[in-house]
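For reference, target.cif (mmCIF, C-alpha atoms):
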data_final
#
loop_
_atom_site.group_PDB
_atom_site.id
_atom_site.type_symbol
_atom_site.label_atom_id
_atom_site.label_comp_id
_atom_site.auth_asym_id
_atom_site.auth_seq_id
_atom_site.Cartn_x
_atom_site.Cartn_y
_atom_site.Cartn_z
ATOM 1 C CA MET S 29 16.579 -38.372 14.448
ATOM 2 C CA ASP S 30 16.995 -34.990 16.096
ATOM 3 C CA ILE S 31 20.130 -34.306 14.168
ATOM 4 C CA LEU S 32 18.495 -35.330 10.913
ATOM 5 C CA ILE S 33 15.612 -32.892 11.488
ATOM 6 C CA PHE S 34 18.083 -30.200 12.433
ATOM 7 C CA TYR S 35 20.179 -30.619 9.303
ATOM 8 C CA VAL S 36 17.186 -30.742 6.958
ATOM 9 C CA CYS S 37 15.756 -27.581 8.523
ATOM 10 C CA ALA S 38 19.125 -25.855 8.604
ATOM 11 C CA VAL S 39 19.663 -26.499 4.904
ATOM 12 C CA ALA S 40 16.155 -25.228 4.152
ATOM 13 C CA ILE S 41 16.710 -22.122 6.277
ATOM 14 C CA ILE S 42 20.035 -21.219 4.696
ATOM 15 C CA ALA S 43 18.823 -21.997 1.176
ATOM 16 C CA GLY S 44 15.705 -19.899 1.762
ATOM 17 C CA ALA S 45 17.748 -17.023 3.138
ATOM 18 C CA PHE S 46 20.051 -17.069 0.109
ATOM 19 C CA GLY S 47 16.987 -17.274 -2.108
ATOM 20 C CA VAL S 48 15.534 -14.146 -0.496
ATOM 21 C CA VAL S 49 18.734 -12.219 -1.094
ATOM 22 C CA LEU S 50 19.555 -13.494 -4.581
ATOM 23 C CA SER S 51 16.141 -13.673 -6.279
ATOM 24 C CA HIS S 52 15.574 -11.128 -9.002
ATOM 25 C CA ASN S 53 11.823 -11.351 -8.621
ATOM 26 C CA PRO S 54 10.385 -10.078 -5.287
ATOM 27 C CA VAL S 55 7.631 -12.707 -5.422
ATOM 28 C CA HIS S 56 10.269 -15.434 -5.403
ATOM 29 C CA SER S 57 11.939 -13.674 -2.488
ATOM 30 C CA ALA S 58 8.651 -13.765 -0.582
ATOM 31 C CA LEU S 59 8.228 -17.488 -1.247
ATOM 32 C CA PHE S 60 11.794 -18.224 -0.165
ATOM 33 C CA LEU S 61 11.104 -16.189 2.967
ATOM 34 C CA LEU S 62 8.086 -18.425 3.603
ATOM 35 C CA MET S 63 10.311 -21.497 3.325
ATOM 36 C CA THR S 64 12.763 -20.083 5.844
ATOM 37 C CA LEU S 65 10.014 -19.096 8.284
ATOM 38 C CA VAL S 66 8.339 -22.502 8.219
ATOM 39 C CA SER S 67 11.677 -24.255 8.742
ATOM 40 C CA VAL S 68 12.388 -21.997 11.709
ATOM 41 C CA ALA S 69 8.971 -22.980 13.074
ATOM 42 C CA VAL S 70 9.966 -26.652 12.836
ATOM 43 C CA LEU S 71 13.146 -25.896 14.786
ATOM 44 C CA PHE S 72 11.019 -24.110 17.412
ATOM 45 C CA LEU S 73 9.075 -27.351 17.796
ATOM 46 C CA GLN S 74 12.363 -29.164 18.254
ATOM 47 C CA LEU S 75 13.263 -26.679 20.989
ATOM 48 C CA ASP S 76 10.103 -27.323 23.063
ATOM 49 C CA ALA S 77 8.451 -24.117 21.914
ATOM 50 C CA ALA S 78 5.197 -25.428 20.482
ATOM 51 C CA LEU S 79 3.154 -22.275 21.020
ATOM 52 C CA VAL S 80 5.889 -20.061 19.589
ATOM 53 C CA ALA S 81 6.077 -22.364 16.561
ATOM 54 C CA ALA S 82 2.323 -22.097 16.025
ATOM 55 C CA ILE S 83 2.426 -18.335 16.306
ATOM 56 C CA GLN S 84 5.402 -18.209 13.973
ATOM 57 C CA VAL S 85 3.346 -20.004 11.334
ATOM 58 C CA VAL S 86 0.186 -17.971 11.953
ATOM 59 C CA VAL S 87 1.709 -14.505 12.282
ATOM 60 C CA TYR S 88 4.896 -14.660 10.251
ATOM 61 C CA ALA S 89 4.327 -17.275 7.612
ATOM 62 C CA SER S 90 0.738 -16.272 7.034
ATOM 63 C CA ALA S 91 0.086 -12.666 7.931
ATOM 64 C CA ILE S 92 3.412 -11.034 7.190
ATOM 65 C CA VAL S 93 4.214 -12.952 4.010
ATOM 66 C CA VAL S 94 0.664 -12.367 2.754
ATOM 67 C CA LEU S 95 1.135 -8.671 3.468
ATOM 68 C CA PHE S 96 4.374 -8.705 1.459
ATOM 69 C CA VAL S 97 2.761 -10.520 -1.466
ATOM 70 C CA PHE S 98 -0.204 -8.172 -1.298
ATOM 71 C CA VAL S 99 2.024 -5.108 -1.507
ATOM 72 C CA ILE S 100 3.978 -6.681 -4.381
ATOM 73 C CA THR S 101 0.764 -7.257 -6.317
ATOM 74 C CA LEU S 102 -0.387 -3.741 -5.478
ATOM 75 C CA LEU S 103 2.824 -2.117 -6.687
ATOM 76 C CA GLY S 104 3.609 -4.494 -9.508
ATOM 77 C CA VAL S 105 6.817 -6.456 -9.707
ATOM 78 C CA ASP S 106 9.670 -4.039 -9.975
ATOM 79 C CA LYS S 107 11.507 -5.142 -13.088
ATOM 80 C CA HIS S 108 13.763 -2.104 -13.137
ATOM 81 C CA GLU S 109 16.061 -3.291 -10.423
ATOM 82 C CA THR S 110 19.388 -4.113 -11.933
ATOM 83 C CA PHE S 111 21.982 -6.007 -10.029
ATOM 84 C CA GLU S 112 24.644 -3.602 -11.203
ATOM 85 C CA GLU S 113 25.918 -1.566 -8.332
ATOM 86 C CA PRO S 114 26.197 2.172 -8.800
ATOM 87 C CA SER S 115 28.776 2.275 -6.040
ATOM 88 C CA LEU S 116 31.915 0.275 -6.610
ATOM 89 C CA PHE S 117 32.725 -0.561 -3.015
ATOM 90 C CA GLN S 118 29.389 -1.321 -1.459
ATOM 91 C CA ARG S 119 29.039 -4.968 -2.369
ATOM 92 C CA PRO S 120 32.571 -6.182 -1.454
ATOM 93 C CA VAL S 121 32.529 -4.152 1.740
ATOM 94 C CA ALA S 122 29.121 -5.577 2.654
ATOM 95 C CA ILE S 123 30.318 -9.130 2.110
ATOM 96 C CA VAL S 124 33.544 -8.594 4.054
ATOM 97 C CA LEU S 125 31.619 -6.993 6.910
ATOM 98 C CA GLY S 126 29.126 -9.852 6.819
ATOM 99 C CA VAL S 127 31.835 -12.496 7.060
ATOM 100 C CA LEU S 128 33.475 -10.603 9.909
ATOM 101 C CA MET S 129 30.155 -10.321 11.715
ATOM 102 C CA PHE S 130 29.488 -14.029 11.227
ATOM 103 C CA LEU S 131 32.878 -14.987 12.646
ATOM 104 C CA GLN S 132 32.356 -12.632 15.541
ATOM 105 C CA ILE S 133 28.946 -14.064 16.417
ATOM 106 C CA VAL S 134 30.214 -17.631 16.028
ATOM 107 C CA LEU S 135 33.066 -16.869 18.406
ATOM 108 C CA LEU S 136 30.524 -15.561 20.874
ATOM 109 C CA ALA S 137 27.863 -18.190 20.242
ATOM 110 C CA GLY S 138 28.426 -21.133 22.428
ATOM 111 C CA HIS S 139 27.105 -23.276 25.134
ATOM 112 C CA HIS S 140 29.464 -21.660 27.599
ATOM 113 C CA TRP S 141 27.180 -18.631 27.836
ATOM 114 C CA VAL S 142 24.501 -20.760 29.423
ATOM 115 C CA THR S 143 25.585 -19.866 32.915
ATOM 116 C CA GLY S 144 22.701 -18.023 34.530
ATOM 117 C CA ALA S 145 20.229 -19.306 37.048
ATOM 118 C CA HIS S 146 17.967 -21.905 35.490
ATOM 119 C CA SER S 147 14.184 -21.610 35.407
ATOM 120 C CA THR S 148 13.833 -18.273 37.142
ATOM 121 C CA ARG S 149 10.528 -17.509 35.378
ATOM 122 C CA GLY S 150 9.172 -21.023 35.155
ATOM 123 C CA LYS S 151 10.299 -24.320 33.750
ATOM 124 C CA LEU S 152 9.794 -25.425 30.210
ATOM 125 C CA ALA S 153 7.564 -28.450 30.280
ATOM 126 C CA GLY S 154 8.167 -31.425 28.044
ATOM 127 C CA VAL S 155 7.080 -31.488 24.435
ATOM 128 C CA ARG S 156 4.131 -33.736 25.115
ATOM 129 C CA THR S 157 2.410 -31.494 27.618
ATOM 130 C CA GLY S 158 3.479 -28.202 26.124
ATOM 131 C CA ASN S 159 4.173 -25.074 28.108
ATOM 132 C CA VAL S 160 1.279 -22.782 27.290
ATOM 133 C CA THR S 161 0.276 -22.395 30.926
ATOM 134 C CA THR S 162 3.737 -21.441 32.128
ATOM 135 C CA LEU S 163 4.165 -19.094 29.212
ATOM 136 C CA ALA S 164 0.843 -17.377 29.840
ATOM 137 C CA LYS S 165 1.562 -17.042 33.553
ATOM 138 C CA SER S 166 4.896 -15.432 32.846
ATOM 139 C CA LEU S 167 3.438 -13.176 30.158
ATOM 140 C CA PHE S 168 0.611 -11.868 32.328
ATOM 141 C CA THR S 169 2.556 -11.474 35.565
ATOM 142 C CA ASP S 170 6.256 -10.751 35.073
ATOM 143 C CA PHE S 171 5.916 -9.217 31.628
ATOM 144 C CA VAL S 172 2.548 -7.529 32.005
ATOM 145 C CA TRP S 173 3.912 -4.008 31.531
ATOM 146 C CA ALA S 174 5.723 -5.010 28.372
ATOM 147 C CA PHE S 175 2.482 -6.613 27.243
ATOM 148 C CA GLU S 176 0.559 -3.376 27.758
ATOM 149 C CA ILE S 177 3.226 -1.381 25.982
ATOM 150 C CA THR S 178 3.058 -3.699 22.967
ATOM 151 C CA ALA S 179 -0.673 -3.056 22.871
ATOM 152 C CA VAL S 180 0.037 0.681 22.651
ATOM 153 C CA LEU S 181 2.693 -0.012 20.004
ATOM 154 C CA LEU S 182 0.232 -1.952 17.863
ATOM 155 C CA VAL S 183 -2.353 0.818 18.093
ATOM 156 C CA ILE S 184 0.266 3.374 17.055
ATOM 157 C CA ALA S 185 1.336 1.155 14.150
ATOM 158 C CA VAL S 186 -2.235 0.739 12.938
ATOM 159 C CA VAL S 187 -2.939 4.468 13.130
ATOM 160 C CA GLY S 188 0.370 5.236 11.429
ATOM 161 C CA GLY S 189 -0.286 2.711 8.679
ATOM 162 C CA VAL S 190 -3.713 4.151 7.976
ATOM 163 C CA ALA S 191 -2.385 7.711 8.012
ATOM 164 C CA LEU S 192 0.463 6.849 5.638
ATOM 165 C CA ALA S 193 -1.613 4.815 3.234
ATOM 166 C CA ARG S 194 -4.238 7.499 2.722
ATOM 167 C CA ARG S 195 -4.251 8.799 -0.797
ATOM 168 C CA SER S 196 -2.637 12.213 -1.048
ATOM 169 C CA GLY S 197 -5.061 15.067 -1.442
ATOM 170 C CA GLN S 198 -7.936 12.959 -0.228
ATOM 171 C CA ARG S 199 -10.050 15.060 2.125
ATOM 172 C CA ALA S 200 -7.082 17.289 2.779
ATOM 173 C CA GLY S 201 -7.791 19.828 5.453
ATOM 174 C CA SER S 202 -10.549 17.862 7.117
ATOM 175 C CA HIS S 203 -7.998 16.411 9.514
ATOM 176 C CA PRO S 204 -6.071 19.296 11.037
ATOM 177 C CA GLY S 205 -3.683 16.927 12.799
ATOM 178 C CA GLN S 206 -2.271 15.763 9.515
ATOM 179 C CA GLY S 207 0.053 17.697 7.259
ATOM 180 C CA SER S 208 -1.617 19.119 4.177
ATOM 181 C CA GLU S 209 1.056 17.604 1.977
ATOM 182 C CA SER S 210 0.436 13.995 2.902
ATOM 183 C CA MET C 4 24.846 -43.456 9.171
ATOM 184 C CA ILE C 5 27.453 -40.949 10.174
ATOM 185 C CA ALA C 6 28.376 -40.553 13.815
ATOM 186 C CA VAL C 7 25.179 -39.745 15.670
ATOM 187 C CA ALA C 8 25.904 -36.634 17.669
ATOM 188 C CA ASN C 9 23.508 -34.812 19.910
ATOM 189 C CA VAL C 10 22.195 -31.484 18.738
ATOM 190 C CA THR C 11 23.686 -29.058 21.223
ATOM 191 C CA PRO C 12 22.487 -25.459 21.565
ATOM 192 C CA THR C 13 25.648 -24.365 19.765
ATOM 193 C CA TYR C 14 24.291 -25.829 16.533
ATOM 194 C CA TYR C 15 21.231 -23.626 16.751
ATOM 195 C CA LEU C 16 23.256 -20.590 17.738
ATOM 196 C CA VAL C 17 25.581 -20.945 14.764
ATOM 197 C CA LEU C 18 22.573 -21.401 12.489
ATOM 198 C CA GLY C 19 21.075 -18.235 13.949
ATOM 199 C CA ALA C 20 24.344 -16.399 13.348
ATOM 200 C CA ALA C 21 24.403 -17.532 9.733
ATOM 201 C CA LEU C 22 20.795 -16.474 9.208
ATOM 202 C CA PHE C 23 21.463 -13.077 10.797
ATOM 203 C CA THR C 24 24.533 -12.557 8.628
ATOM 204 C CA ILE C 25 22.758 -13.454 5.390
ATOM 205 C CA GLY C 26 19.956 -11.064 6.312
ATOM 206 C CA GLY C 27 22.403 -8.289 7.126
ATOM 207 C CA VAL C 28 24.417 -8.676 3.939
ATOM 208 C CA GLY C 29 21.201 -8.857 1.926
ATOM 209 C CA LEU C 30 20.019 -5.646 3.546
ATOM 210 C CA LEU C 31 23.247 -3.975 2.440
ATOM 211 C CA VAL C 32 23.464 -5.266 -1.130
ATOM 212 C CA ARG C 33 19.860 -5.163 -2.314
ATOM 213 C CA ARG C 34 18.168 -2.048 -3.635
ATOM 214 C CA ASN C 35 14.541 -3.130 -3.747
ATOM 215 C CA THR C 36 12.966 -1.850 -0.545
ATOM 216 C CA LEU C 37 10.583 -4.815 -0.327
ATOM 217 C CA VAL C 38 13.461 -7.290 -0.438
ATOM 218 C CA MET C 39 15.321 -5.180 2.099
ATOM 219 C CA PHE C 40 12.331 -5.553 4.401
ATOM 220 C CA MET C 41 12.372 -9.306 3.935
ATOM 221 C CA CYS C 42 16.039 -9.317 4.930
ATOM 222 C CA ILE C 43 15.099 -7.496 8.132
ATOM 223 C CA GLU C 44 12.568 -10.251 8.796
ATOM 224 C CA LEU C 45 15.341 -12.810 8.358
ATOM 225 C CA MET C 46 17.454 -11.004 10.948
ATOM 226 C CA LEU C 47 14.545 -10.841 13.395
ATOM 227 C CA ASN C 48 13.980 -14.556 12.925
ATOM 228 C CA ALA C 49 17.609 -15.275 13.666
ATOM 229 C CA ALA C 50 17.225 -13.369 16.931
ATOM 230 C CA ASN C 51 14.059 -15.323 17.736
ATOM 231 C CA LEU C 52 15.834 -18.599 17.093
ATOM 232 C CA THR C 53 18.602 -17.565 19.462
ATOM 233 C CA PHE C 54 16.110 -16.589 22.175
ATOM 234 C CA VAL C 55 14.276 -19.897 21.935
ATOM 235 C CA THR C 56 17.568 -21.802 21.985
ATOM 236 C CA TYR C 57 18.649 -20.103 25.185
ATOM 237 C CA ALA C 58 15.194 -20.675 26.674
ATOM 238 C CA LYS C 59 15.698 -24.375 26.077
ATOM 239 C CA ALA C 60 19.288 -24.367 27.316
ATOM 240 C CA LEU C 61 18.400 -22.548 30.532
ATOM 241 C CA ASN C 62 15.069 -24.351 30.887
ATOM 242 C CA ASP C 63 13.436 -20.960 31.339
ATOM 243 C CA VAL C 64 10.238 -19.788 29.729
ATOM 244 C CA SER C 65 11.089 -16.088 29.571
ATOM 245 C CA GLY C 66 13.085 -16.519 26.357
ATOM 246 C CA GLN C 67 9.926 -17.652 24.652
ATOM 247 C CA VAL C 68 7.952 -14.733 26.097
ATOM 248 C CA ILE C 69 10.469 -12.316 24.583
ATOM 249 C CA VAL C 70 9.852 -13.930 21.190
ATOM 250 C CA PHE C 71 6.232 -12.812 21.432
ATOM 251 C CA PHE C 72 7.289 -9.223 21.849
ATOM 252 C CA THR C 73 9.706 -9.546 18.944
ATOM 253 C CA LEU C 74 6.851 -10.855 16.828
ATOM 254 C CA VAL C 75 4.671 -7.899 17.780
ATOM 255 C CA VAL C 76 7.440 -5.447 16.942
ATOM 256 C CA ALA C 77 8.025 -7.211 13.622
ATOM 257 C CA ALA C 78 4.341 -7.053 12.757
ATOM 258 C CA ALA C 79 4.119 -3.360 13.624
ATOM 259 C CA GLU C 80 7.303 -2.650 11.694
ATOM 260 C CA VAL C 81 6.055 -4.453 8.601
ATOM 261 C CA ALA C 82 2.707 -2.651 8.709
ATOM 262 C CA VAL C 83 4.266 0.801 8.972
ATOM 263 C CA GLY C 84 7.138 0.012 6.611
ATOM 264 C CA LEU C 85 4.927 -1.314 3.855
ATOM 265 C CA ALA C 86 2.659 1.716 4.267
ATOM 266 C CA ILE C 87 5.726 3.919 3.779
ATOM 267 C CA ILE C 88 6.724 1.925 0.691
ATOM 268 C CA VAL C 89 3.234 2.305 -0.767
ATOM 269 C CA ALA C 90 3.326 6.033 -0.043
ATOM 270 C CA ILE C 91 6.734 6.364 -1.744
ATOM 271 C CA PHE C 92 5.508 4.346 -4.713
ATOM 272 C CA ARG C 93 2.519 6.634 -5.152
ATOM 273 C CA ARG C 94 4.808 9.599 -5.384
ATOM 274 C CA ARG C 95 7.694 8.209 -7.439
ATOM 275 C CA GLN C 96 6.383 5.044 -9.171
ATOM 276 C CA ASP C 97 9.450 3.185 -7.996
ATOM 277 C CA VAL C 98 10.568 1.425 -4.852
ATOM 278 C CA THR C 99 14.306 1.412 -5.413
ATOM 279 C CA ALA C 100 16.171 2.725 -2.403
ATOM 280 C CA ASP C 101 18.740 4.676 -4.436
ATOM 281 C CA ASP C 102 16.076 6.809 -6.049
ATOM 282 C CA VAL C 103 14.747 8.024 -2.735
ATOM 283 C CA ASN C 104 17.633 10.315 -1.969
ATOM 284 C CA ALA C 105 15.998 13.699 -1.646
ATOM 285 C CA LEU C 106 14.344 14.899 1.520
ATOM 286 C CA GLU C 107 12.164 17.458 -0.187
ATOM 287 C CA GLY C 108 8.482 17.170 0.564
#
Just give me the structure of the file as structure tokens.
Amino acid sequence: MDILIFYVCAVAIIAGAFGVVLSHNPVHSALFLLMTLVSVAVLFLQLDAALVAAIQVVVYASAIVVLFVFVITLLGVDKHETFEEPSLFQRPVAIVLGVLMFLQIVLLAGHHWVTGAHSTRGKLAGVRTGNVTTLAKSLFTDFVWAFEITAVLLVIAVVGGVALARRSGQRAGSHPGQGSES
Amino acid sequence: MIAVANVTPTYYLVLGAALFTIGGVGLLVRRNTLVMFMCIELMLNAANLTFVTYAKALNDVSGQVIVFFTLVVAAAEVAVGLAIIVAIFRRRQDVTADDVNALEG
């Protein structure tokens, strides 16, 4: 059963990833991305990461994909993109580099790396009970500084997004901290 | 039924490698900045999958905690990146990466 779920999800993930790269229409790319993200969430469930799977669906599959689709509708689907490469070498070199990178990671990816001390930050509980408590304890004790820094990062991102998305020339000069050009 | 094998962590790691590679190649070959962003999301997801796999293999919860931080970084990156794309679009009416080749203000 496990292996069946794995193969179904793996096929969906790879197909979705190829769909993202090969779709001419960005909306189709966004939908293929959604398929990949949801399949990854299913694999997270398989790996005893129920909370991470839920957050994957809520944050990635909902918020981020909706943001993508929203920006696509705002900008209009870009029909100008041709698949003809202006540079002759870029595509073959990219594919060769990609294959090399894949082989390299596969050589490195293996069970034999699982050598460290087990359960230093808390055990994963079984699927039935979940591991929200252990996760929260680890997040708010061992990783509390990283947690605070991510809070700062999010505030910076929000301020930056608002500053960038302001229409140019709108109330220029009323904010001295911002360049007059933007 | 074919031979029923157990799903070892290596399966997940190879899947993560494949996902990362497809995202990376897509980032290099596509010209639409929105699709390039989606490829970056694919690569981040491959990294998340690897983290969760190692968390399971080592029976340690910290791998899953790291995934939270990756998610936060991805969300922040998407917010700022899409704002940049919208700003570029306002100026040039196009979001193709090749057209944005001048650094003039």
Next on the checklist: Evaluated on this file, the PyMOL selection byres ((chain C) within 7 of (chain S)) picks out some residues - which ones are they, written as a VMD selection string?
Outcome noted: chain C and resid 9 to 10 12 to 13 16 to 18 20 to 22 24 to 25 27 to 29 31 to 32 35 38 55 to 56 59 to 65 67 to 68 75 78 to 79 82 to 83 86 to 87 89 to 90
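Here CA of Gly66 in chain C and CA of Phe23 in chain C stand 18.0 Å from one another.
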Checklist outcome for this item: Counting all atoms listed in the file, the residue among S:His56, S:Phe168, S:Met63, S:Leu116 that lies closest to Leu37 in chain C is S:His56
Checklist outcome for this item: Between CA of Leu62 in chain S and CA of Leu30 in chain C lies a distance of 17.5 Å
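Picture a line from CA of Val66 in chain S to CA of Val86 in chain S; it runs 10.0 Å.
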Checklist outcome for this item: With distances taken over all atoms listed in the file, the candidate from C:Tyr57, C:Gln96, C:Gly84, C:Met46 nearest Gly19 in chain C is C:Met46
Item to check | Shell of 9 Å around Ala77 in chain C, only C-alpha atoms, local chain residues under 3 positions omitted, as a ChimeraX atom specification | outcome: /S:88,92 /C:43-44,47,72-74,80-82
